[in-house]
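Text of start-v2.txt, listed as compact mmCIF, C-alpha atoms:
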# COMPACT_ATOMS: atom_id res chain seq x y z
CA MET A 1 40.80 -24.51 -7.09
CA SER A 2 39.86 -22.71 -3.89
CA MET A 3 36.36 -22.74 -2.46
CA HIS A 4 36.27 -18.94 -2.15
CA ILE A 5 36.63 -18.61 -5.93
CA LEU A 6 33.71 -20.95 -6.76
CA GLY A 7 30.94 -18.85 -5.24
CA PRO A 8 28.01 -19.40 -2.91
CA GLN A 9 26.32 -22.12 -4.99
CA TYR A 10 29.20 -24.51 -4.19
CA THR A 11 29.26 -25.20 -0.48
CA THR A 12 30.26 -27.99 1.85
CA LEU A 13 27.51 -27.14 4.31
CA ASN A 14 24.15 -28.88 4.26
CA TYR A 15 21.23 -26.46 4.70
CA ARG A 16 18.44 -29.04 4.65
CA LYS A 17 15.96 -28.94 7.47
CA ARG A 18 15.98 -32.14 9.48
CA LYS A 19 12.75 -33.84 10.48
CA THR A 20 12.50 -34.02 14.26
CA LYS A 21 11.03 -37.02 16.01
CA MET A 22 7.88 -36.66 18.09
CA THR A 23 8.65 -36.98 21.79
CA LYS A 24 6.09 -38.09 24.38
CA ARG A 25 6.05 -34.64 25.97
CA ARG A 26 5.46 -32.92 22.62
CA GLN A 27 2.68 -35.41 21.81
CA GLU A 28 0.95 -34.64 25.12
CA GLU A 29 1.22 -30.88 24.45
CA LEU A 30 -0.23 -31.35 20.95
CA THR A 31 -3.15 -33.45 22.24
CA GLN A 32 -4.02 -30.72 24.77
CA GLU A 33 -3.85 -28.09 22.01
CA TRP A 34 -5.98 -30.34 19.78
CA HIS A 35 -8.64 -30.68 22.51
CA SER A 36 -8.76 -26.90 23.01
CA HIS A 37 -8.91 -26.39 19.23
CA ASN A 38 -11.86 -28.79 18.95
CA ARG A 39 -13.56 -26.98 21.85
CA TYR A 40 -13.10 -23.69 19.97
CA LEU A 41 -14.53 -25.23 16.77
CA ARG A 42 -17.53 -26.62 18.66
CA GLN A 43 -18.22 -23.22 20.26
CA HIS A 44 -18.23 -21.57 16.83
CA GLY A 45 -20.53 -24.14 15.28
CA GLU A 46 -17.96 -25.96 13.14
CA SER A 47 -17.23 -29.67 12.95
CA ARG A 48 -14.41 -31.25 14.93
CA ILE A 49 -11.23 -32.51 13.28
CA THR A 50 -9.13 -35.60 13.96
CA PHE A 51 -5.69 -35.50 15.54
CA GLU A 52 -3.99 -36.29 12.21
CA GLU A 53 -5.87 -33.44 10.51
CA TYR A 54 -4.77 -31.13 13.33
CA LEU A 55 -1.14 -32.19 12.89
CA ASP A 56 -1.37 -31.54 9.16
CA GLU A 57 -2.92 -28.13 9.84
CA ILE A 58 -0.22 -26.95 12.25
CA SER A 59 2.67 -28.34 10.20
CA ASN A 60 1.34 -26.80 6.94
CA LYS A 61 1.42 -30.14 5.14
CA LYS A 62 -2.10 -29.63 3.85
CA LEU A 63 -1.83 -27.80 0.54
CA ALA A 64 -4.64 -25.38 -0.07
CA LYS A 65 -6.00 -25.69 -3.59
CA PRO A 66 -7.14 -22.44 -5.16
CA GLU A 67 -10.85 -22.17 -5.73
CA PHE A 68 -11.78 -22.36 -9.41
CA LYS A 69 -13.74 -19.39 -10.67
CA PRO A 70 -14.75 -19.38 -14.33
CA LEU A 71 -14.25 -16.19 -16.28
CA ARG A 72 -17.33 -14.23 -17.20
CA ASN A 73 -17.75 -13.22 -20.81
CA GLU A 74 -19.83 -10.16 -20.08
CA ALA A 75 -19.11 -7.07 -22.13
CA PRO A 76 -18.56 -3.84 -20.19
CA PRO A 77 -21.48 -1.40 -20.26
CA ARG A 78 -21.43 0.92 -23.24
CA ARG A 79 -21.21 4.67 -22.94
CA GLY A 80 -24.60 6.22 -22.57
CA SER A 81 -26.28 3.00 -21.46
CA THR A 82 -26.88 4.26 -17.90
CA ASP A 83 -30.03 6.30 -17.39
CA HIS A 84 -29.34 7.50 -13.84
CA ILE A 85 -26.25 9.61 -14.74
CA PRO A 86 -27.18 12.87 -16.50
CA SER A 87 -25.09 14.16 -19.38
CA ARG A 88 -23.32 17.52 -19.00
CA GLY A 89 -23.08 19.38 -22.28
CA ASP A 90 -23.80 22.95 -21.16
CA GLY A 91 -20.23 24.00 -20.20
CA ILE A 92 -20.75 23.45 -16.49
CA GLY A 93 -18.64 20.75 -14.91
CA ILE A 94 -15.09 19.55 -14.59
CA ALA A 95 -14.11 20.19 -18.21
CA ALA A 96 -15.34 23.77 -18.40
CA LYS A 97 -12.65 26.42 -19.02
CA PRO A 98 -11.97 28.55 -15.92
CA GLU A 99 -12.29 32.31 -16.01
CA ARG A 100 -9.04 34.08 -16.93
CA LYS A 101 -7.37 35.73 -13.95
CA GLU A 102 -6.04 39.27 -14.41
CA TYR A 103 -4.14 41.44 -11.96
CA THR A 104 -5.88 44.79 -11.40
CA GLY A 105 -2.80 46.55 -10.01
CA THR A 106 -4.14 47.65 -6.65
CA LEU A 107 -2.15 45.48 -4.20
CA VAL A 108 1.48 45.28 -5.40
CA LYS A 109 3.28 48.66 -5.65
CA GLY A 110 6.38 47.34 -7.39
CA ILE A 111 9.13 44.73 -7.59
CA ALA A 112 12.38 44.98 -5.61
CA THR A 113 15.64 43.06 -5.88
CA MET A 114 16.73 41.64 -2.53
CA HIS A 115 19.75 39.37 -3.16
CA LYS A 116 21.42 39.24 -6.58
CA SER A 117 18.54 38.43 -8.93
CA ASN A 118 15.85 37.63 -6.36
CA ALA A 119 12.75 39.59 -7.38
CA VAL A 120 10.37 40.32 -4.48
CA PRO A 121 6.92 41.95 -4.78
CA VAL A 122 6.55 45.11 -2.69
CA ILE A 123 3.18 45.86 -1.13
CA ASP A 124 3.70 49.10 0.84
CA GLU A 125 6.23 51.87 1.63
CA GLU A 126 7.46 50.23 4.84
CA GLN A 127 8.38 47.06 3.00
CA MET A 128 10.32 49.12 0.43
CA LYS A 129 12.42 50.67 3.22
CA ASP A 130 13.05 47.28 4.86
CA ILE A 131 14.27 45.75 1.60
CA SER A 132 16.56 48.70 0.83
CA ASN A 133 18.10 48.51 4.34
CA MET A 134 18.72 44.76 3.94
CA ARG A 135 20.73 45.29 0.75
CA ARG A 136 23.10 47.68 2.43
CA ASN A 137 23.73 45.64 5.60

For this file, produce the structure as structure tokens.
Amino acid sequence: MSMHILGPQYTTLNYRKRKTKMTKRRQEELTQEWHSHNRYLRQHGESRITFEEYLDEISNKKLAKPEFKPLRNEAPPRRGSTDHIPSRGDGIGIAAKPERKEYTGTLVKGIATMHKSNAVPVIDEEQMKDISNMRRN
């Protein structure tokens, strides 16, 4: 059986991340960073940390545990329990029916057909002439 038939879950490659050894140069760099980090903590009024704690912090080995918060068993406030919100029952507000809009017939003179079944409102005589010229051109 060929490897290309098996799929991506069967592979001869090893994708594991190797643990690198700490060199003297890297250790010196980390100690300088640790000193500057402690200086920063001291300036902001926090307590200093040890070198091992700093290594855990930068390598993300320290697992953060979620803070436990108990559920509250408070019932939501009932409708009408608030005194500071007035009730609106007089037809004024967001649920009131808007006034019906009617066209009085003073602006639009008629309806013209420009292209095939495209109905266009006509406002004045000049517009009527323009639309009729467009149909013929």

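Between CA of Glu67 in chain A and CA of Glu52 in chain A there is a distance of 23.8 Å.
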
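Of the residues under consideration (A:Asp130, A:Glu29, A:Asp124, A:Glu99), A:Glu29 shows the shortest atom-to-atom contact distance to Leu55 in chain A when counting all atoms listed in the file.
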
All residues 9 Å or closer to Arg48 in chain A, all atoms listed in the file, same chain fewer than 3 positions away omitted, as a short mmCIF file (atom, residue, chain, number, x, y, z; two decimals) with C-alpha atoms, in the frame of the given file:
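Written output follows (around.cif):
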data_model
loop_
_atom_site.label_atom_id
_atom_site.label_comp_id
_atom_site.auth_asym_id
_atom_site.auth_seq_id
_atom_site.Cartn_x
_atom_site.Cartn_y
_atom_site.Cartn_z
CA HIS A 37 -8.91 -26.39 19.23
CA ASN A 38 -11.86 -28.79 18.95
CA ARG A 39 -13.56 -26.98 21.85
CA LEU A 41 -14.53 -25.23 16.77
CA ARG A 42 -17.53 -26.62 18.66
#

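Taking CA of Arg100 in chain A and CA of Ile123 in chain A as the two end points, the separation is 23.2 Å.
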
remark   = Pairwise distance, CA of Ser36 in chain A with CA of Lys24 in chain A, equals 18.6 Å

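Nearest-residue note for Glu33 in chain A: choosing from A:Leu13, A:Leu107, A:Met128, A:Ile58, the minimum distance belongs to A:Ile58, counting all atoms listed in the file.
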
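Taking all atoms listed in the file, the non-local environment of Phe51 in chain A within 8 Å (same-chain residues fewer than 2 positions away omitted) comprises A:Thr31, A:Trp34, A:Ile49, A:Glu53, A:Tyr54, A:Leu55.
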
request  = For Val108 in chain A, list every protein, DNA or RNA residue within 12 Å, evaluated using all atoms listed in the file, and leave out those in the same chain fewer than 4 positions away; present the list as an MDAnalysis selection string.
outcome  = chainID A and resid 103:104 112 120:125 127:128
